[in-house]
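Q: One structure is given below, represented as structure tokens, and several questions about it will come after.
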Amino acid sequence: RASPRSPVVAAALAKAWSREKGAVHAGDQLMRLAEADPGFGLARYLAARAYLDGHEPGKAEATLQQGLTSDPGSVPTYRHLALFYLEVDRASDAAEVCRRGHEQFPRSVPLQLMLAQLQIKLGRPEEARHLYEELLARRPDLDLAEYRLAELLASDQGASSRRSAQLLEDLGGDRPSDPALLDQLGWLAASAAHRERPRARSP
């Protein structure tokens, strides 16, 4: 009651309810919180997670779908539903939800990044590239989008080598604190060197 939207308290309650009467009971209790406060999207997400743990994927999907009508002005509502579809191996449904969210919130960085990753997963690299380029035109400071675009171009033999080189030059002096990005930077540099080697040997 003192902190009605606390993620820490909600997660602790979910665990307590699950231990008490099982995962489905926890989902039901979390849904009571969500219905009392439609803007508390995390409660719906935790409820859906609990229903999945209780082997009730239908209830999990209905819970997250309900958020699109009870709290339509929330970016996380779309992301939570897309993440659910990814978890149950429905990538095309995840992309459709993300697309709808992106249409409603065209300046949302998390939705645009997620939609681009889903397009790659669905075998649509050109659509992903367009989303990354559009995002970087609007937010040139967004390193994560630049890394992901560089990785996409490096894996696409038909991609523009000039654009790849430009991205690598921009990222070359970067010293990311995230070990995953640091590893990715090394991979991109190695990939670029591998591409250049045959060209250097040719007359």
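Convention: chains lettered A, B, ... in structure tokens order; per-chain residue numbering from 1; ligands numbered from 1 as shown.
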I'd like the contact shell of Leu42 in chain A - 9 Å cut-off, only C-alpha atoms, skipping same-chain residues fewer than 5 positions apart - returned as a ChimeraX atom specification.
A: /A:5,7,10,34,47,76-77,80
Q: Contacts of Arg79 in chain A at 9 Å or less, counting only C-alpha atoms, minus same-chain residues fewer than 3 places along, as a PDB file with N, CA and C atoms, in the first residue's frame?
A:
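And here's out36.pdb as it stands now:
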ATOM      1  N   VAL A  75       4.248   1.978 -23.875  1.00  0.00           N
ATOM      2  CA  VAL A  75       5.204   1.245 -24.708  1.00  0.00           C
ATOM      3  C   VAL A  75       5.491  -0.147 -24.149  1.00  0.00           C
ATOM      4  N   PRO A  76       5.734  -0.299 -22.817  1.00  0.00           N
ATOM      5  CA  PRO A  76       6.018  -1.637 -22.286  1.00  0.00           C
ATOM      6  C   PRO A  76       4.908  -2.648 -22.547  1.00  0.00           C
ATOM      7  N   ALA A  82       5.107  -8.746 -27.108  1.00  0.00           N
ATOM      8  CA  ALA A  82       6.047  -9.237 -28.123  1.00  0.00           C
ATOM      9  C   ALA A  82       7.042 -10.225 -27.514  1.00  0.00           C
ATOM     10  N   LEU A  83       7.524  -9.945 -26.320  1.00  0.00           N
ATOM     11  CA  LEU A  83       8.450 -10.862 -25.639  1.00  0.00           C
ATOM     12  C   LEU A  83       7.788 -12.202 -25.347  1.00  0.00           C
ATOM     13  N   PHE A  84       6.512 -12.152 -24.978  1.00  0.00           N
ATOM     14  CA  PHE A  84       5.776 -13.397 -24.735  1.00  0.00           C
ATOM     15  C   PHE A  84       5.711 -14.234 -26.015  1.00  0.00           C
ATOM     16  N   ALA A  94       5.059 -11.694 -32.733  1.00  0.00           N
ATOM     17  CA  ALA A  94       5.841 -10.710 -31.989  1.00  0.00           C
ATOM     18  C   ALA A  94       6.143  -9.497 -32.862  1.00  0.00           C
ATOM     19  N   VAL A  97       2.969  -7.314 -33.347  1.00  0.00           N
ATOM     20  CA  VAL A  97       2.681  -6.510 -32.159  1.00  0.00           C
ATOM     21  C   VAL A  97       3.660  -5.335 -32.085  1.00  0.00           C
ATOM     22  N   CYS A  98       4.932  -5.615 -32.346  1.00  0.00           N
ATOM     23  CA  CYS A  98       5.955  -4.569 -32.317  1.00  0.00           C
ATOM     24  C   CYS A  98       5.682  -3.509 -33.379  1.00  0.00           C
ATOM     25  N   GLY A 101       2.938  -1.309 -32.214  1.00  0.00           N
ATOM     26  CA  GLY A 101       3.453  -0.402 -31.197  1.00  0.00           C
ATOM     27  C   GLY A 101       4.293   0.705 -31.801  1.00  0.00           C
ATOM     28  N   PRO A 110      13.229   1.604 -27.766  1.00  0.00           N
ATOM     29  CA  PRO A 110      13.158   0.160 -27.479  1.00  0.00           C
ATOM     30  C   PRO A 110      12.294  -0.610 -28.473  1.00  0.00           C
ATOM     31  N   LEU A 111      11.156  -0.027 -28.881  1.00  0.00           N
ATOM     32  CA  LEU A 111      10.287  -0.721 -29.838  1.00  0.00           C
ATOM     33  C   LEU A 111      10.949  -0.829 -31.200  1.00  0.00           C
ATOM     34  N   MET A 114      13.719  -3.421 -31.083  1.00  0.00           N
ATOM     35  CA  MET A 114      13.147  -4.768 -31.001  1.00  0.00           C
ATOM     36  C   MET A 114      12.561  -5.195 -32.343  1.00  0.00           C
TER      37      MET A 114
END
Q: Quick one: residues within 10 Å of Ala14 in chain A, only C-alpha atoms counted, chain neighbours fewer than 2 positions away excluded, as number ranges by chain?
A: A: 8-12, 16-20, 22-23, 25-30, 43, 46-47, 49-50
Q: Quick one: residues within 7 Å of range 55-67 of chain A, only C-alpha atoms, excluding same-chain residues fewer than 5 positions away - as a list in words?
A: Arg44, Tyr45, Ala48, Arg49, Pro72, Thr77 and Leu81 of chain A
Q: Go ahead and write the residues just picked, N, CA, C and O atoms, as a short mmCIF file (atom, residue, chain, number, x, y, z; two decimals), in the first residue's frame.
A:
data_model
loop_
_atom_site.label_atom_id
_atom_site.label_comp_id
_atom_site.auth_asym_id
_atom_site.auth_seq_id
_atom_site.Cartn_x
_atom_site.Cartn_y
_atom_site.Cartn_z
N ARG A 44 0.80 -6.98 -14.82
CA ARG A 44 0.29 -7.86 -15.89
C ARG A 44 1.39 -8.75 -16.42
O ARG A 44 1.18 -9.94 -16.68
N TYR A 45 2.58 -8.17 -16.61
CA TYR A 45 3.70 -8.96 -17.13
C TYR A 45 4.07 -10.08 -16.16
O TYR A 45 4.28 -11.23 -16.57
N ALA A 48 1.48 -12.79 -16.31
CA ALA A 48 1.66 -13.64 -17.49
C ALA A 48 2.81 -14.62 -17.27
O ALA A 48 2.70 -15.81 -17.64
N ARG A 49 3.91 -14.15 -16.66
CA ARG A 49 5.02 -15.05 -16.36
C ARG A 49 4.57 -16.17 -15.43
O ARG A 49 4.94 -17.33 -15.60
N PRO A 72 -3.52 1.33 -23.33
CA PRO A 72 -3.01 1.41 -24.69
C PRO A 72 -1.91 2.44 -24.89
O PRO A 72 -1.21 2.42 -25.89
N THR A 77 3.67 -2.20 -22.66
CA THR A 77 2.56 -3.12 -22.95
C THR A 77 2.81 -3.88 -24.24
O THR A 77 2.61 -5.10 -24.31
N LEU A 81 4.08 -8.05 -24.61
CA LEU A 81 3.36 -9.02 -25.43
C LEU A 81 4.27 -9.60 -26.51
O LEU A 81 4.25 -10.80 -26.78
#
Q: Residues within 12 Å of Arg124 in chain A, please, as a PDB file with N, CA and C atoms, in the first residue's frame. Count only C-alpha atoms; anything in the same chain fewer than 5 positions from it doesn't count.
A:
ATOM      1  N   SER A  92       6.533 -14.203 -35.774  1.00  0.00           N
ATOM      2  CA  SER A  92       5.758 -13.339 -36.673  1.00  0.00           C
ATOM      3  C   SER A  92       4.708 -12.547 -35.895  1.00  0.00           C
ATOM      4  N   ALA A  95       6.525  -9.744 -34.126  1.00  0.00           N
ATOM      5  CA  ALA A  95       6.836  -8.643 -35.037  1.00  0.00           C
ATOM      6  C   ALA A  95       5.607  -7.801 -35.329  1.00  0.00           C
ATOM      7  N   LEU A 115      11.875  -4.274 -33.016  1.00  0.00           N
ATOM      8  CA  LEU A 115      11.283  -4.592 -34.315  1.00  0.00           C
ATOM      9  C   LEU A 115      12.378  -4.936 -35.324  1.00  0.00           C
ATOM     10  N   ALA A 116      13.486  -4.197 -35.295  1.00  0.00           N
ATOM     11  CA  ALA A 116      14.596  -4.487 -36.219  1.00  0.00           C
ATOM     12  C   ALA A 116      15.155  -5.888 -35.966  1.00  0.00           C
ATOM     13  N   GLN A 117      15.340  -6.250 -34.695  1.00  0.00           N
ATOM     14  CA  GLN A 117      15.849  -7.579 -34.377  1.00  0.00           C
ATOM     15  C   GLN A 117      14.886  -8.676 -34.825  1.00  0.00           C
ATOM     16  N   LEU A 118      13.610  -8.410 -34.711  1.00  0.00           N
ATOM     17  CA  LEU A 118      12.606  -9.388 -35.149  1.00  0.00           C
ATOM     18  C   LEU A 118      12.614  -9.538 -36.669  1.00  0.00           C
ATOM     19  N   GLN A 119      12.832  -8.439 -37.386  1.00  0.00           N
ATOM     20  CA  GLN A 119      12.896  -8.528 -38.844  1.00  0.00           C
ATOM     21  C   GLN A 119      14.076  -9.397 -39.265  1.00  0.00           C
ATOM     22  N   ARG A 129      17.609  -3.160 -41.690  1.00  0.00           N
ATOM     23  CA  ARG A 129      18.584  -2.108 -42.003  1.00  0.00           C
ATOM     24  C   ARG A 129      17.906  -0.742 -42.088  1.00  0.00           C
ATOM     25  N   HIS A 130      16.750  -0.702 -42.724  1.00  0.00           N
ATOM     26  CA  HIS A 130      16.010   0.552 -42.841  1.00  0.00           C
ATOM     27  C   HIS A 130      15.655   1.098 -41.459  1.00  0.00           C
ATOM     28  N   LEU A 131      15.231   0.220 -40.547  1.00  0.00           N
ATOM     29  CA  LEU A 131      14.857   0.652 -39.196  1.00  0.00           C
ATOM     30  C   LEU A 131      16.074   1.195 -38.441  1.00  0.00           C
ATOM     31  N   LEU A 152      24.854  -6.409 -38.746  1.00  0.00           N
ATOM     32  CA  LEU A 152      23.983  -6.843 -39.843  1.00  0.00           C
ATOM     33  C   LEU A 152      24.692  -6.729 -41.182  1.00  0.00           C
ATOM     34  N   ASP A 156      26.082  -9.648 -44.088  1.00  0.00           N
ATOM     35  CA  ASP A 156      25.383  -9.623 -45.371  1.00  0.00           C
ATOM     36  C   ASP A 156      26.399  -9.367 -46.482  1.00  0.00           C
TER      37      ASP A 156
END
Q: Between CA of Pro106 in chain A and CA of Pro140 in chain A, what is the distance in Å, rounded to a tenth?
A: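 That distance, rounded to one decimal, is 16.3 Å.
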Q: Report the distance between CA of Arg100 in chain A and CA of Ser155 in chain A in Å, rounded to one decimal place.
A: 28.0 Å
Q: When DSSP works through the backbone of this structure, what residues of range 52-85 of chain A end up as alpha helix (DSSP H), shown as a list in words?
A: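 The alpha helix (DSSP H) residues within range 52-85 of chain A come out as Leu52, Asp53, Pro57, Gly58, Lys59, Ala60, Glu61, Ala62, Thr63, Leu64, Gln65, Gln66, Gly67, Leu68, Thr69, Ser70, Val75, Pro76, Thr77, Tyr78, Arg79, His80, Leu81, Ala82, Leu83, Phe84 and Tyr85 of chain A.
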Q: Residues as selected, N, CA, C and O atoms, written as a compact mmCIF listing (two decimals), in the first residue's frame, can you do that?
A:
# COMPACT_ATOMS: atom_id res chain seq x y z
N LEU A 52 2.52 -18.71 -17.30
CA LEU A 52 3.40 -19.57 -18.09
C LEU A 52 4.05 -20.64 -17.21
O LEU A 52 4.13 -21.81 -17.59
N ASP A 53 4.51 -20.20 -16.04
CA ASP A 53 5.10 -21.16 -15.10
C ASP A 53 4.09 -22.21 -14.65
O ASP A 53 4.45 -23.35 -14.35
N PRO A 57 -0.49 -21.10 -20.95
CA PRO A 57 -0.10 -20.08 -21.93
C PRO A 57 -1.27 -19.26 -22.46
O PRO A 57 -1.11 -18.08 -22.80
N GLY A 58 -2.46 -19.88 -22.53
CA GLY A 58 -3.64 -19.15 -23.00
C GLY A 58 -3.98 -18.00 -22.06
O GLY A 58 -4.30 -16.89 -22.51
N LYS A 59 -3.93 -18.25 -20.77
CA LYS A 59 -4.21 -17.20 -19.79
C LYS A 59 -3.12 -16.12 -19.84
O LYS A 59 -3.40 -14.93 -19.68
N ALA A 60 -1.88 -16.55 -20.06
CA ALA A 60 -0.78 -15.59 -20.15
C ALA A 60 -1.00 -14.65 -21.34
O ALA A 60 -0.86 -13.42 -21.21
N GLU A 61 -1.36 -15.21 -22.49
CA GLU A 61 -1.59 -14.38 -23.67
C GLU A 61 -2.76 -13.44 -23.46
O GLU A 61 -2.69 -12.24 -23.78
N ALA A 62 -3.86 -13.94 -22.90
CA ALA A 62 -5.05 -13.11 -22.67
C ALA A 62 -4.73 -11.96 -21.71
O ALA A 62 -5.20 -10.83 -21.89
N THR A 63 -3.91 -12.26 -20.72
CA THR A 63 -3.51 -11.23 -19.75
C THR A 63 -2.77 -10.09 -20.43
O THR A 63 -3.06 -8.91 -20.20
N LEU A 64 -1.82 -10.42 -21.29
CA LEU A 64 -1.04 -9.39 -21.97
C LEU A 64 -1.84 -8.69 -23.06
O LEU A 64 -1.67 -7.48 -23.27
N GLN A 65 -2.70 -9.42 -23.73
CA GLN A 65 -3.57 -8.80 -24.73
C GLN A 65 -4.50 -7.78 -24.08
O GLN A 65 -4.80 -6.73 -24.66
N GLN A 66 -4.93 -8.09 -22.87
CA GLN A 66 -5.82 -7.19 -22.15
C GLN A 66 -5.17 -5.82 -21.93
O GLN A 66 -5.84 -4.79 -21.92
N GLY A 67 -3.84 -5.84 -21.77
CA GLY A 67 -3.13 -4.59 -21.57
C GLY A 67 -3.25 -3.63 -22.74
O GLY A 67 -3.19 -2.41 -22.55
N LEU A 68 -3.42 -4.16 -23.95
CA LEU A 68 -3.55 -3.29 -25.13
C LEU A 68 -4.82 -2.47 -25.10
O LEU A 68 -4.90 -1.41 -25.72
N THR A 69 -5.84 -2.96 -24.37
CA THR A 69 -7.09 -2.19 -24.26
C THR A 69 -7.16 -1.40 -22.96
O THR A 69 -7.66 -0.28 -22.93
N SER A 70 -6.63 -1.98 -21.86
CA SER A 70 -6.73 -1.28 -20.58
C SER A 70 -5.65 -0.22 -20.39
O SER A 70 -5.84 0.74 -19.65
N VAL A 75 4.25 1.98 -23.87
CA VAL A 75 5.20 1.24 -24.71
C VAL A 75 5.49 -0.15 -24.15
O VAL A 75 5.50 -1.14 -24.90
N PRO A 76 5.73 -0.30 -22.82
CA PRO A 76 6.02 -1.64 -22.29
C PRO A 76 4.91 -2.65 -22.55
O PRO A 76 5.19 -3.85 -22.66
N THR A 77 3.67 -2.20 -22.66
CA THR A 77 2.56 -3.12 -22.95
C THR A 77 2.81 -3.88 -24.24
O THR A 77 2.61 -5.10 -24.31
N TYR A 78 3.26 -3.18 -25.28
CA TYR A 78 3.55 -3.82 -26.56
C TYR A 78 4.80 -4.69 -26.45
O TYR A 78 4.84 -5.80 -27.00
N ARG A 79 5.81 -4.21 -25.75
CA ARG A 79 7.05 -4.98 -25.62
C ARG A 79 6.81 -6.27 -24.84
O ARG A 79 7.33 -7.32 -25.21
N HIS A 80 6.04 -6.20 -23.78
CA HIS A 80 5.77 -7.40 -22.98
C HIS A 80 5.06 -8.46 -23.80
O HIS A 80 5.39 -9.66 -23.73
N LEU A 81 4.08 -8.05 -24.61
CA LEU A 81 3.36 -9.02 -25.43
C LEU A 81 4.27 -9.60 -26.51
O LEU A 81 4.25 -10.80 -26.78
N ALA A 82 5.11 -8.75 -27.11
CA ALA A 82 6.05 -9.24 -28.12
C ALA A 82 7.04 -10.23 -27.51
O ALA A 82 7.36 -11.26 -28.12
N LEU A 83 7.52 -9.95 -26.32
CA LEU A 83 8.45 -10.86 -25.64
C LEU A 83 7.79 -12.20 -25.35
O LEU A 83 8.41 -13.26 -25.46
N PHE A 84 6.51 -12.15 -24.98
CA PHE A 84 5.78 -13.40 -24.73
C PHE A 84 5.71 -14.23 -26.01
O PHE A 84 5.98 -15.44 -25.99
N TYR A 85 5.35 -13.60 -27.13
CA TYR A 85 5.25 -14.34 -28.39
C TYR A 85 6.60 -14.92 -28.80
O TYR A 85 6.67 -16.03 -29.35
Q: Under the rule that only C-alpha atoms are counted, which of A:Ala91, A:Ala150, A:Leu33, A:Ala165 is the nearest residue to Ser6 in chain A?
A: A:Leu33
Q: Hey, what's within 8 Å of Tyr132 in chain A if we count only C-alpha atoms and toss same-chain stuff fewer than 4 positions away? As a PyMOL selection string, please?
A: chain A and resi 112-113+116+128+136+145-146+148-149
Q: In Å, rounded to a single decimal, give me how far CA of Arg138 in chain A is from CA of Gly123 in chain A.
A: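 Spanning CA of Gly123 in chain A to CA of Arg138 in chain A is a straight-line distance of 24.9 Å.
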Q: A:Leu167, A:Asp71, A:Ile120, A:Val88: which is nearest Asp143 in chain A, counting only C-alpha atoms?
A: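 Counting only C-alpha atoms, the residue closest to Asp143 in chain A is A:Leu167.
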